[in-house]
Every structure is written in C-alpha cells, then in structure tokens.
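Asker: Got a structure for you, written out below as structure tokens; questions coming shortly.
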Amino acid sequence: MHQVKIYSAFFLLFFGINFGFAQDTIQQSRLRQDQLQEGEDYVIDTIIDGQAYFKKSIKSIEVLELPKVLQDHDFAADIDKKWLEELYSNTLFDTIYRDVSGLKYDAVYYPELTTDTLKARLQRLNARTPFNVEYNPGLESVIKSFLKNRHHSFERLMGLSNYYFPMFERELDNYDIPLEMKYLAIVESALKPRARSRVGATGLWQFMFATGKEYGLDVSSYVDERSDPIKATIAASKYLSKLYKLFGDWDLALAAYNSGPGNVSKAIRRSGGYQNYWNIRPNLPRETAGYVPAFLATMYIFEYAKEHGFVQHRPEFHLIETDTIHVKQMITLDQVSEYTGVEIETLQFLNPAYKLDVIPFIEGKNYTLRLPRTIIGAFVNNEEQLYAHAKAEFDKREKPLPQFQDSDSKTRYRVQQGDYLGKIARKFGVRVSQIKQWNGLRNNNLKIGQRLTIYPRNGVPVNRAKASATAKKRVIPANAKTYTVQQGDSLWSISQKFSGVSVQNIKDWNDIRGNKLKPGMKLLVSKG
C-alpha cells in the first residue's frame with residue numbers, strides 16, 4: 001500500500017492530474033437509466049433527488065496460477081546477459097553512486113522564469129540533444145530551486161568548467177558520447193577531482209575502486225587515477241559507451257551509470273517493459289530517480305547561463321595554458337614548487353591524482369607532471385639538475401632524524417582559521433610532504449584546533465609576530481650584489497643567473513617566506 005501511494009504521488013506530480021479531473025471522471029462513470037446499453041450488466045451506484053444512477057458491475061478477478069516455468073522479459077534479460085559478459089565475475093560492481101535523494105519537487109516561487117518561457121527553452125534544448133528534455137512540473141521545480149538557491153555555486157562551477165570542459169569534450173568526442181555528458185561530472189563531483197562519496201566513489205566521475213580498476217584506472221598508495229581528469233574521463237567515456245550499447249538510450253545509460261545496469265533492468269521489468277526513463281522512474285532506486293532531473297537541470301542552467309545573468313569567474317588556468325612532462329625520477333610537488341617558484345596549491349590543482357603529493361617513478365608506468373606552459377621550458381632545460389637535487393634530498397631523508405628534524409627542536413602548532421598545509425609549511429620553512437610525514441597525514445584536510453608536530457628548518461621555530469616586533473632594518477653590505485625583479489621572473493630563474501646561488505639562499509638573504517615576487521623588488525643575490 002505504501003508503494004502505491006508513492007507511485008500515485010509521482011503520477012500526480014509529473015503528469016499534472018488534479019482532483020477536479022478525478023471528480024469529473026467519477027461523474028462520467030455514473031449513467032442514467034436511459035443511457036444503459038443492452039447486454040451490459042449494471043448495478044445502482046447512487047440515488048440523487050429520486051433519480052437512480054447506475055454503473056457497470058465489476059467482475060471479480062480470477063486468481064491466476066503462476067506457470068511452473070517463469071518467463072523473463074526478453075529485452076531486460078538480454079541486457080543482463082550482455083552486461084555480465086562485460087564483467088570478469090558474475091557480481092555486478094557497486095558502480096557510481098551519489099545521493100541526490102534530497103531533491104525536492106515542491107513548487108518553487110521564482111517569478112524571473114515563467115513556466116511558458118521554461119517550456120519554450122526546454123523544447124529548443126530537446127531539439128539539439130539526444131537526451132529527453134521534456135517539460136514536467138518536477139523538472140521545473142528542480143531548475144527553479146537550483147536557480148534560486150545555488151546561484152553563487154553555479155557561478156564558481158562555470159569558472160572551473162572553463163578548465164575541465166575542454167578535456168572532457170575531447171575524450172567524449174573520441175568515444176561518440178554526446179558532449180552534453182560533460183554536465184554529468186558536475187552532478188557527480190561538483191568538479192572536485194579528489195571528491196569522495198560516503199560509499200567510496202572517488203574523482204570527477206565518481207568511480208568505485210573495482211569499477212575504476214576494470215576500466216584501467218590505477219589506484220595505489222601514491223596514485224589514484226580516478227582523480228586524474230583525463231584518464232578518468234577516458235574511463236567514464238568507455239563505461240558510458242558500453243551502457244548505451246546495452247540500452248540504446250542515453251537517459252537509461254545515465255540511470256545505469258548511477259545505480260548499475262541491474263537496477264535499470266529490474267525497473268524495466270517492474271514497469272511492464274517500458275524503455276523510457278520517465279516511465280520506469282518510479283521503479284528506480286530513490287537516488288537514481290533524482291539523478292536524471294538533477295543532470296537535466298544542470299544542463300539547462302549552463303546552456304541558458306547568459307539569460308539568467310550568471311557571471312563566469314575566470315579560472316587560474318585554461319587547459320591550453322598548461323602542458324605535461326613525463327617524470328624520469330621520483331619527485332615531490334613541494335620540490336617542484338621550490339625549484340620552479342610555482343605555488344604548491346597550483347601544482348596540487350594541476351596534479352590531483354598524486355595522493356601524497358609525490359610523483360613516483362615506476363618502470364612501465366608513464367606518470368606525468370602538469371605545469372603552467374610558462375614554466376615548462378625552464379623545467380626541461382634544467383631537468384638533470386632538478387632530479388639531482390631531488391635525489392640528494394631523498395637520500396638525506398633516509399637518514400634517521402636529519403639535523404633540522406632534531407627532536408629537541410620540534411614545536412607543536414595549533415591549526416588556526418584559514419590555515420592550510422602549504423601556508424603552514426611556508427611559515428616554518430619546511431615542506432608540505434614533511435608535515436604530512438611527521439603527523440601521519442594521508443590527505444591535506446585540517447581541522448581548526450588540530451595540533452601538528454613541526455621540525456622547523458635549522459631547528460628554530462618561526463614566530464612571525466615575534467620576528468616582526470624585534471626585526472631590525474635590513475642593512476645591505478656595500479659590496480653585496482642586488483638584482484631588480486623583472487616581469488616573469490621567479491626565484492628559480494633568478495638563482496640560475498648567479499653562480500652558486502640557490503633558491504633558498506635568496507629566500508634567506510631577503511627574508512622571503514613564499515615564492516611570490518613583484519616586478520621592481522630589490523633582491524640580495526650575494527652577501528658580498
């Protein structure tokens with residue numbers, strides 16, 4: 001009985017049937033005596049003002065016995081057979097899952113978008129996409145709710161999409177996937193490469209561990225390619241392509257991507273063989289029932305962003321402004337940051353697949369480092385020296401308690417509002433990977449009030465407040481060399497202009513904590 005009520009509610013919601021219509025239907029089923037047809041069986045339904053009204057008698061339903069051999073639905077059974085052939089075991093994987101069951105379908109007051117305008121826009125959108133973008137009150141409710149309550153979030157997503165969508169579209173096109181499928185990554189992960197759901201699905205396309213492995217995504221202690229934008233998109237394209245071959249319908253492929261092909265084939269059976277998403281929707285898992293409306297609402301908002309006044313924030317990088325290098329030796333992102341002057345947060349954004357900010361070197365694997373194009377030339381030109389420095393540092397770390405990690409010089413730091421690992425590392429003159437190693441951190445997440453063990457460089461904790469209060473005016477020796485920072489300079493490029501001068505020398509001599517430089521700055525490049 002509970003299921004009947006739920007399905008009736010969906011029926012009323014999406015098809016607009018109201019109580020008045022039901023009353024008219026009941027009245028039309030009542031017949032006067034002069035309307036009765038010969039040969040039909042009738043019973044008195046009611047008497048109003050002395051006038052008898054009749055209705056057709058209802059025959060009792062005969063109890064049917066199930067056949068000894070149960071017959072499956074041919075189309076759904078064929079899907080199951082093909083899908084099982086795609087797997088290396090007979091167990092369906094726990095595929096991509098994201099809880100969208102919280103979607104509300106109540107009417108939303110949003111006068112800026114009238115129903116007639118929305119219907120016209122959806123009709124135009126439906127004409128140019130293979131997805132079934134037809135108007136219904138439930139979809140209208142989701143679209144207006146997103147517009148009303150998530151305007152700022154969508155503006156940020158539009159900014160990020162300028163970086164991610166070009167790589168999505170290239171891979172989707174290679175596998176003949178509709179380019180609109182790029183919006184699926186927004187519904188899945190909000191364009192966060194390291195997003196992880198409560199059931200373990202990870203990355204932009206939210207692959208479970210086993211499914212990711214099947215589609216060629218390497219997951220190890222150092223690397224999680226489910227978080228690699230390009231490799232994960234290739235895997236998602238392969239997966240979606242196979243789902244479309246199974247169902248022959250992109251809406252059903254979407255539903256299967258979320259809940260698994262098995263759940264979709266069950267919904268087809270339970271609906272009596274319907275093969276349209278909106279017809280089988282009441283029989284899908286609750287989260288999947290809200291999945292396609294969320295996808296269609298996201299597609300509408302992006303396609304009509306200009307009409308709704310969205311301001312697209314420019315990302316720090318466009319994809320074309322970056323390039324990759326195959327690493328030839330293990331190296332850390334904070335080493336790359338020190339050598340190139342690129343902020344560690346930028347490197348983490350460009351290289352999200354490296355779980356510990358370490359790029360390993362393994363025979364037979366091609367791990368890459370993505371950098372801004374402006375840095376690529378300098379990196380390649382000094383590659384041997386960079387790897388030599390990295391190796392020397394790794395060799396030093398193998399020794400127990402290096403000098404700057406002496407137990408007597410350690411300090412305890414309490415995480416403050418606005419802190420992140422890169423900021424704390426610069427404050428104490430150490431590296432992000434060192435803080436993670438000292439504190440057993442597996443990711444970059446910090447909590448306010450969390451206490452961290454830090455071994456400051458040279459054994460001296462850095463206290464900016466104390467230092468600023470007691471700092472003396474810097475005196476430049478008469479015979480010291482200085483350099484005026486030019487546009488495009490970095491600490492690394494400046495250090496290469498002077499023999500025997502390292503990035504850390506320049507930082508120490510000029511009391512620089514970060515890597516940012518401004519044109520016109522005067523830097524000491526020699527003590528004289």
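Residue numbering restarts at 1 for every chain of the structure tokens, chains are lettered A, B, ... in their displayed order, and ligands are numbered from 1 as they appear.
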Could you please write out, as a ChimeraX atom specification, every residue of stretch 281-524 of chain A that DSSP assigns to alpha helix (DSSP H)?
Answerer: /A:286-289,291-303,333-340,344-350,373-381,383-397,421-428,432-439,464-470,491-495,503-509
Asker: Okay, now the selection with C-alpha atoms, as a short mmCIF file (atom, residue, chain, number, x, y, z; two decimals), in the first residue's frame?
Answerer:
```
data_model
loop_
_atom_site.label_atom_id
_atom_site.label_comp_id
_atom_site.auth_asym_id
_atom_site.auth_seq_id
_atom_site.Cartn_x
_atom_site.Cartn_y
_atom_site.Cartn_z
CA ARG A 286 15.31 6.73 -4.89
CA GLU A 287 18.67 8.39 -5.52
CA THR A 288 18.57 7.46 -9.20
CA ALA A 289 15.04 8.84 -9.52
CA TYR A 291 19.69 11.78 -10.70
CA VAL A 292 18.47 12.49 -14.23
CA PRO A 293 16.38 15.55 -13.20
CA ALA A 294 19.49 16.98 -11.50
CA PHE A 295 21.51 16.34 -14.67
CA LEU A 296 18.88 17.96 -16.92
CA ALA A 297 18.53 20.95 -14.58
CA THR A 298 22.31 21.45 -14.63
CA MET A 299 22.34 21.22 -18.43
CA TYR A 300 19.58 23.84 -18.68
CA ILE A 301 21.35 26.29 -16.33
CA PHE A 302 24.67 26.03 -18.19
CA GLU A 303 23.03 26.31 -21.62
CA LEU A 333 55.31 18.58 -5.71
CA ASP A 334 56.87 20.71 -2.98
CA GLN A 335 60.32 20.11 -4.54
CA VAL A 336 58.89 21.21 -7.88
CA SER A 337 57.39 24.24 -6.14
CA GLU A 338 60.72 25.19 -4.61
CA TYR A 339 62.67 24.76 -7.85
CA THR A 340 60.17 26.49 -10.16
CA ILE A 344 52.20 24.25 -4.14
CA GLU A 345 48.41 24.80 -4.27
CA THR A 346 48.64 25.40 -8.01
CA LEU A 347 50.63 22.19 -8.50
CA GLN A 348 48.10 20.25 -6.42
CA PHE A 349 45.26 21.63 -8.56
CA LEU A 350 47.04 20.66 -11.79
CA ARG A 373 53.35 26.46 -20.02
CA THR A 374 55.49 29.40 -18.88
CA ILE A 375 57.47 27.02 -16.63
CA ILE A 376 57.80 24.04 -18.98
CA GLY A 377 60.83 25.37 -20.88
CA ALA A 378 62.82 26.20 -17.75
CA PHE A 379 61.98 22.81 -16.20
CA VAL A 380 63.06 20.80 -19.25
CA ASN A 381 66.21 22.91 -19.71
CA GLU A 383 65.83 18.69 -15.76
CA GLU A 384 69.06 16.89 -14.85
CA GLN A 385 69.92 19.37 -12.10
CA LEU A 386 66.38 19.25 -10.73
CA TYR A 387 66.41 15.47 -10.45
CA ALA A 388 69.91 15.55 -8.92
CA HIS A 389 68.69 17.95 -6.22
CA ALA A 390 65.60 15.82 -5.61
CA LYS A 391 67.67 12.62 -5.31
CA ALA A 392 70.13 14.25 -2.92
CA GLU A 393 67.25 15.32 -0.72
CA PHE A 394 65.62 11.88 -0.79
CA ASP A 395 68.99 10.35 0.18
CA LYS A 396 69.24 12.75 3.11
CA ARG A 397 65.72 11.89 4.26
CA LEU A 421 49.29 22.82 4.77
CA GLY A 422 51.04 25.00 2.18
CA LYS A 423 50.63 28.09 4.35
CA ILE A 424 51.92 26.32 7.48
CA ALA A 425 54.85 24.81 5.56
CA ARG A 426 55.97 28.25 4.35
CA LYS A 427 55.56 29.69 7.84
CA PHE A 428 58.07 27.21 9.28
CA VAL A 432 54.11 20.01 2.88
CA SER A 433 55.23 16.39 2.46
CA GLN A 434 57.37 16.69 5.60
CA ILE A 435 54.44 17.92 7.71
CA LYS A 436 52.33 15.04 6.40
CA GLN A 437 55.09 12.53 7.17
CA TRP A 438 55.70 13.86 10.68
CA ASN A 439 52.00 13.78 11.53
CA ARG A 464 56.21 35.92 12.66
CA ALA A 465 54.70 38.08 15.35
CA LYS A 466 57.85 37.96 17.46
CA ALA A 467 60.08 38.38 14.44
CA SER A 468 58.20 41.44 13.21
CA ALA A 469 58.37 43.03 16.66
CA THR A 470 62.12 42.58 17.02
CA LEU A 491 63.11 32.60 -7.63
CA TRP A 492 64.36 29.68 -9.70
CA SER A 493 65.09 31.72 -12.83
CA ILE A 494 66.90 34.37 -10.77
CA SER A 495 69.01 31.77 -8.94
CA VAL A 503 66.54 29.48 -4.27
CA GLN A 504 66.88 29.01 -0.51
CA ASN A 505 69.85 31.43 -0.43
CA ILE A 506 67.72 34.15 -2.00
CA LYS A 507 64.88 33.42 0.43
CA ASP A 508 67.18 33.52 3.48
CA TRP A 509 69.08 36.66 2.43
#
```
Asker: Mind checking which residues fall within 9 Å of A:His73, counting only C-alpha atoms, ignoring those fewer than 3 positions away in the same chain, and posting them as a list in words?
Answerer: Ala76, Ala77, Asp78, Ile268, Arg269, Gly272 and Gly273 of chain A
Asker: Write out as a PDB file with N, CA, C and O atoms, in the first residue's frame the residues lying within 10 Å of A:Ala253, counting only C-alpha atoms and excluding same-chain residues fewer than 5 positions away.
Answerer:
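And here's part-v2.pdb as it stands now:
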```
ATOM      1  N   TYR A 239      32.883   3.485 -20.266  1.00  0.00           N
ATOM      2  CA  TYR A 239      31.772   2.927 -19.483  1.00  0.00           C
ATOM      3  C   TYR A 239      30.426   3.366 -20.057  1.00  0.00           C
ATOM      4  O   TYR A 239      29.521   2.548 -20.282  1.00  0.00           O
ATOM      5  N   LEU A 240      30.279   4.668 -20.330  1.00  0.00           N
ATOM      6  CA  LEU A 240      29.028   5.193 -20.876  1.00  0.00           C
ATOM      7  C   LEU A 240      28.745   4.625 -22.264  1.00  0.00           C
ATOM      8  O   LEU A 240      27.591   4.357 -22.614  1.00  0.00           O
ATOM      9  N   SER A 241      29.805   4.450 -23.059  1.00  0.00           N
ATOM     10  CA  SER A 241      29.630   3.876 -24.397  1.00  0.00           C
ATOM     11  C   SER A 241      29.058   2.467 -24.315  1.00  0.00           C
ATOM     12  O   SER A 241      28.151   2.098 -25.080  1.00  0.00           O
ATOM     13  N   LYS A 242      29.556   1.662 -23.381  1.00  0.00           N
ATOM     14  CA  LYS A 242      29.044   0.299 -23.224  1.00  0.00           C
ATOM     15  C   LYS A 242      27.610   0.303 -22.708  1.00  0.00           C
ATOM     16  O   LYS A 242      26.785  -0.517 -23.120  1.00  0.00           O
ATOM     17  N   LEU A 243      27.311   1.230 -21.802  1.00  0.00           N
ATOM     18  CA  LEU A 243      25.945   1.318 -21.289  1.00  0.00           C
ATOM     19  C   LEU A 243      24.961   1.696 -22.395  1.00  0.00           C
ATOM     20  O   LEU A 243      23.836   1.177 -22.454  1.00  0.00           O
ATOM     21  N   TYR A 244      25.388   2.597 -23.293  1.00  0.00           N
ATOM     22  CA  TYR A 244      24.500   2.988 -24.389  1.00  0.00           C
ATOM     23  C   TYR A 244      24.265   1.817 -25.348  1.00  0.00           C
ATOM     24  O   TYR A 244      23.156   1.625 -25.858  1.00  0.00           O
ATOM     25  N   LYS A 245      25.301   1.026 -25.571  1.00  0.00           N
ATOM     26  CA  LYS A 245      25.136  -0.154 -26.438  1.00  0.00           C
ATOM     27  C   LYS A 245      24.145  -1.134 -25.824  1.00  0.00           C
ATOM     28  O   LYS A 245      23.412  -1.827 -26.538  1.00  0.00           O
ATOM     29  N   LEU A 246      24.129  -1.198 -24.500  1.00  0.00           N
ATOM     30  CA  LEU A 246      23.193  -2.091 -23.825  1.00  0.00           C
ATOM     31  C   LEU A 246      21.751  -1.621 -23.947  1.00  0.00           C
ATOM     32  O   LEU A 246      20.846  -2.388 -24.267  1.00  0.00           O
ATOM     33  N   PHE A 247      21.526  -0.328 -23.672  1.00  0.00           N
ATOM     34  CA  PHE A 247      20.163   0.174 -23.549  1.00  0.00           C
ATOM     35  C   PHE A 247      19.650   0.884 -24.798  1.00  0.00           C
ATOM     36  O   PHE A 247      18.434   1.010 -24.984  1.00  0.00           O
ATOM     37  N   GLY A 248      20.561   1.396 -25.624  1.00  0.00           N
ATOM     38  CA  GLY A 248      20.125   2.130 -26.813  1.00  0.00           C
ATOM     39  C   GLY A 248      19.436   3.434 -26.494  1.00  0.00           C
ATOM     40  O   GLY A 248      18.679   3.972 -27.314  1.00  0.00           O
ATOM     41  N   ASN A 258      24.525   5.580 -12.651  1.00  0.00           N
ATOM     42  CA  ASN A 258      24.350   5.906 -11.244  1.00  0.00           C
ATOM     43  C   ASN A 258      24.072   4.678 -10.391  1.00  0.00           C
ATOM     44  O   ASN A 258      24.675   4.486  -9.344  1.00  0.00           O
ATOM     45  N   GLY A 260      23.715   1.266 -11.594  1.00  0.00           N
ATOM     46  CA  GLY A 260      24.097  -0.032 -12.127  1.00  0.00           C
ATOM     47  C   GLY A 260      23.071  -0.561 -13.103  1.00  0.00           C
ATOM     48  O   GLY A 260      21.869  -0.343 -12.940  1.00  0.00           O
ATOM     49  N   PRO A 261      23.503  -1.245 -14.152  1.00  0.00           N
ATOM     50  CA  PRO A 261      22.579  -1.765 -15.168  1.00  0.00           C
ATOM     51  C   PRO A 261      21.542  -2.721 -14.598  1.00  0.00           C
ATOM     52  O   PRO A 261      20.412  -2.791 -15.094  1.00  0.00           O
ATOM     53  N   VAL A 264      18.443  -0.930 -13.411  1.00  0.00           N
ATOM     54  CA  VAL A 264      17.640  -0.409 -14.520  1.00  0.00           C
ATOM     55  C   VAL A 264      16.850  -1.531 -15.173  1.00  0.00           C
ATOM     56  O   VAL A 264      15.662  -1.369 -15.506  1.00  0.00           O
ATOM     57  N   TYR A 277      12.922   6.460 -19.622  1.00  0.00           N
ATOM     58  CA  TYR A 277      13.311   6.765 -18.243  1.00  0.00           C
ATOM     59  C   TYR A 277      12.135   7.234 -17.402  1.00  0.00           C
ATOM     60  O   TYR A 277      11.952   6.792 -16.259  1.00  0.00           O
TER      61      TYR A 277
END
```
Asker: Just the residues within 8 Å of A:Asn263, please, counting only C-alpha atoms, with nothing from its chain fewer than 6 positions along; format it as a list in words.
Answerer: Ala256, Leu284 and Pro285 of chain A
Asker: Quick one: residues within 7 Å of A:Ile325, only C-alpha atoms, excluding same-chain residues fewer than 3 positions away - as a VMD selection string?
Answerer: chain A and resid 368 to 370
Asker: Set the distance at 12 Å and use only C-alpha atoms: which residues neighbour A:Leu179 once local chain neighbours fewer than 2 positions away are removed? I'd like the list as a VMD selection string.
Answerer: chain A and resid 128 to 131 165 to 177 181 to 185 237 250 299
Asker: If you keep C-alpha atoms, can you produce a file of those selected residues as a PDB file, in the first residue's frame?
Answerer:
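That gives us result-v8.pdb:
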```pdb
ATOM      1  CA  ARG A 128      19.534  19.755 -30.181  1.00  0.00           C
ATOM      2  CA  THR A 129      20.417  16.988 -27.710  1.00  0.00           C
ATOM      3  CA  PRO A 130      19.826  13.217 -27.713  1.00  0.00           C
ATOM      4  CA  PHE A 131      18.565  13.405 -24.125  1.00  0.00           C
ATOM      5  CA  PHE A 165      35.234  21.010 -20.081  1.00  0.00           C
ATOM      6  CA  PRO A 166      37.766  21.165 -22.973  1.00  0.00           C
ATOM      7  CA  MET A 167      39.449  17.950 -21.782  1.00  0.00           C
ATOM      8  CA  PHE A 168      36.036  16.334 -21.184  1.00  0.00           C
ATOM      9  CA  GLU A 169      34.755  17.225 -24.647  1.00  0.00           C
ATOM     10  CA  ARG A 170      37.856  15.885 -26.383  1.00  0.00           C
ATOM     11  CA  GLU A 171      37.545  12.450 -24.771  1.00  0.00           C
ATOM     12  CA  LEU A 172      33.739  12.287 -25.056  1.00  0.00           C
ATOM     13  CA  ASP A 173      34.011  13.063 -28.764  1.00  0.00           C
ATOM     14  CA  ASN A 174      36.608  10.292 -29.224  1.00  0.00           C
ATOM     15  CA  TYR A 175      34.026   7.755 -27.991  1.00  0.00           C
ATOM     16  CA  ASP A 176      30.999   9.299 -29.763  1.00  0.00           C
ATOM     17  CA  ILE A 177      29.437  10.349 -26.449  1.00  0.00           C
ATOM     18  CA  MET A 181      27.525  14.437 -20.918  1.00  0.00           C
ATOM     19  CA  LYS A 182      30.180  16.793 -19.538  1.00  0.00           C
ATOM     20  CA  TYR A 183      27.484  18.112 -17.179  1.00  0.00           C
ATOM     21  CA  LEU A 184      27.397  14.703 -15.511  1.00  0.00           C
ATOM     22  CA  ALA A 185      30.711  15.468 -13.785  1.00  0.00           C
ATOM     23  CA  SER A 237      33.564   7.509 -21.779  1.00  0.00           C
ATOM     24  CA  TRP A 250      21.114   7.934 -23.231  1.00  0.00           C
ATOM     25  CA  MET A 299      22.342  21.225 -18.428  1.00  0.00           C
TER      26      MET A 299
END
```
Asker: Just checking: using only C-alpha atoms, which residue out of A:Leu139, A:Leu191, A:Ile320, A:Leu446 ends up closest to A:Gly290?
Answerer: A:Leu139
Asker: How would you write, as a PyMOL selection string, the set of residues in stretch 215-419 of chain A that DSSP gives as strand (DSSP E or B)?
Answerer: chain A and resi 219+223-224+322-326+331-332+354+358-359+368-372+411-414
Asker: Take the residues just selected and output them with N, CA and C atoms as a PDB file, in the first residue's frame.
Answerer:
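This went into result-v8.pdb:
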```pdb
ATOM      1  N   VAL A 219      45.114   2.501  -9.029  1.00  0.00           N
ATOM      2  CA  VAL A 219      44.963   3.004  -7.664  1.00  0.00           C
ATOM      3  C   VAL A 219      46.020   2.323  -6.804  1.00  0.00           C
ATOM      4  N   VAL A 223      49.252   6.859  -6.043  1.00  0.00           N
ATOM      5  CA  VAL A 223      48.489   7.394  -7.163  1.00  0.00           C
ATOM      6  C   VAL A 223      47.045   6.903  -7.121  1.00  0.00           C
ATOM      7  N   ASP A 224      46.118   7.793  -7.421  1.00  0.00           N
ATOM      8  CA  ASP A 224      44.719   7.403  -7.616  1.00  0.00           C
ATOM      9  C   ASP A 224      44.251   8.055  -8.915  1.00  0.00           C
ATOM     10  N   THR A 322      48.531  24.992 -20.031  1.00  0.00           N
ATOM     11  CA  THR A 322      49.327  24.013 -19.284  1.00  0.00           C
ATOM     12  C   THR A 322      49.895  22.967 -20.232  1.00  0.00           C
ATOM     13  N   ASP A 323      50.860  22.224 -19.760  1.00  0.00           N
ATOM     14  CA  ASP A 323      51.443  21.130 -20.540  1.00  0.00           C
ATOM     15  C   ASP A 323      52.003  20.102 -19.565  1.00  0.00           C
ATOM     16  N   THR A 324      52.325  18.908 -20.081  1.00  0.00           N
ATOM     17  CA  THR A 324      52.790  17.830 -19.209  1.00  0.00           C
ATOM     18  C   THR A 324      54.202  17.378 -19.560  1.00  0.00           C
ATOM     19  N   ILE A 325      54.871  16.818 -18.567  1.00  0.00           N
ATOM     20  CA  ILE A 325      56.212  16.250 -18.714  1.00  0.00           C
ATOM     21  C   ILE A 325      56.195  14.859 -18.089  1.00  0.00           C
ATOM     22  N   HIS A 326      56.754  13.868 -18.766  1.00  0.00           N
ATOM     23  CA  HIS A 326      56.900  12.543 -18.183  1.00  0.00           C
ATOM     24  C   HIS A 326      58.064  12.573 -17.203  1.00  0.00           C
ATOM     25  N   ILE A 331      59.845  12.490  -7.642  1.00  0.00           N
ATOM     26  CA  ILE A 331      59.972  13.896  -7.260  1.00  0.00           C
ATOM     27  C   ILE A 331      58.692  14.305  -6.556  1.00  0.00           C
ATOM     28  N   THR A 332      58.775  15.242  -5.644  1.00  0.00           N
ATOM     29  CA  THR A 332      57.599  15.690  -4.909  1.00  0.00           C
ATOM     30  C   THR A 332      57.114  17.032  -5.455  1.00  0.00           C
ATOM     31  N   TYR A 354      47.964  12.563  -7.470  1.00  0.00           N
ATOM     32  CA  TYR A 354      49.052  12.131  -6.592  1.00  0.00           C
ATOM     33  C   TYR A 354      48.641  12.349  -5.140  1.00  0.00           C
ATOM     34  N   VAL A 358      53.453  13.166  -4.095  1.00  0.00           N
ATOM     35  CA  VAL A 358      54.695  12.538  -4.554  1.00  0.00           C
ATOM     36  C   VAL A 358      54.419  11.883  -5.902  1.00  0.00           C
ATOM     37  N   ILE A 359      55.246  12.210  -6.919  1.00  0.00           N
ATOM     38  CA  ILE A 359      55.125  11.566  -8.227  1.00  0.00           C
ATOM     39  C   ILE A 359      56.152  10.450  -8.288  1.00  0.00           C
ATOM     40  N   THR A 368      53.013  11.617 -15.199  1.00  0.00           N
ATOM     41  CA  THR A 368      53.317  12.933 -15.757  1.00  0.00           C
ATOM     42  C   THR A 368      53.152  14.023 -14.709  1.00  0.00           C
ATOM     43  N   LEU A 369      53.841  15.101 -14.947  1.00  0.00           N
ATOM     44  CA  LEU A 369      53.729  16.314 -14.145  1.00  0.00           C
ATOM     45  C   LEU A 369      53.129  17.401 -15.030  1.00  0.00           C
ATOM     46  N   ARG A 370      52.010  17.968 -14.620  1.00  0.00           N
ATOM     47  CA  ARG A 370      51.396  19.061 -15.392  1.00  0.00           C
ATOM     48  C   ARG A 370      51.829  20.390 -14.785  1.00  0.00           C
ATOM     49  N   LEU A 371      52.332  21.270 -15.647  1.00  0.00           N
ATOM     50  CA  LEU A 371      52.850  22.572 -15.223  1.00  0.00           C
ATOM     51  C   LEU A 371      52.271  23.676 -16.094  1.00  0.00           C
ATOM     52  N   PRO A 372      52.309  24.926 -15.612  1.00  0.00           N
ATOM     53  CA  PRO A 372      51.979  26.048 -16.491  1.00  0.00           C
ATOM     54  C   PRO A 372      52.962  26.085 -17.651  1.00  0.00           C
ATOM     55  N   THR A 411      58.409  21.649  17.448  1.00  0.00           N
ATOM     56  CA  THR A 411      57.422  22.542  18.054  1.00  0.00           C
ATOM     57  C   THR A 411      56.031  22.006  17.751  1.00  0.00           C
ATOM     58  N   ARG A 412      55.076  22.394  18.572  1.00  0.00           N
ATOM     59  CA  ARG A 412      53.690  21.988  18.363  1.00  0.00           C
ATOM     60  C   ARG A 412      52.917  23.209  17.866  1.00  0.00           C
ATOM     61  N   TYR A 413      52.220  23.023  16.773  1.00  0.00           N
ATOM     62  CA  TYR A 413      51.479  24.140  16.174  1.00  0.00           C
ATOM     63  C   TYR A 413      49.980  23.821  16.190  1.00  0.00           C
ATOM     64  N   ARG A 414      49.179  24.785  16.591  1.00  0.00           N
ATOM     65  CA  ARG A 414      47.718  24.622  16.621  1.00  0.00           C
ATOM     66  C   ARG A 414      47.111  25.263  15.374  1.00  0.00           C
TER      67      ARG A 414
END
```
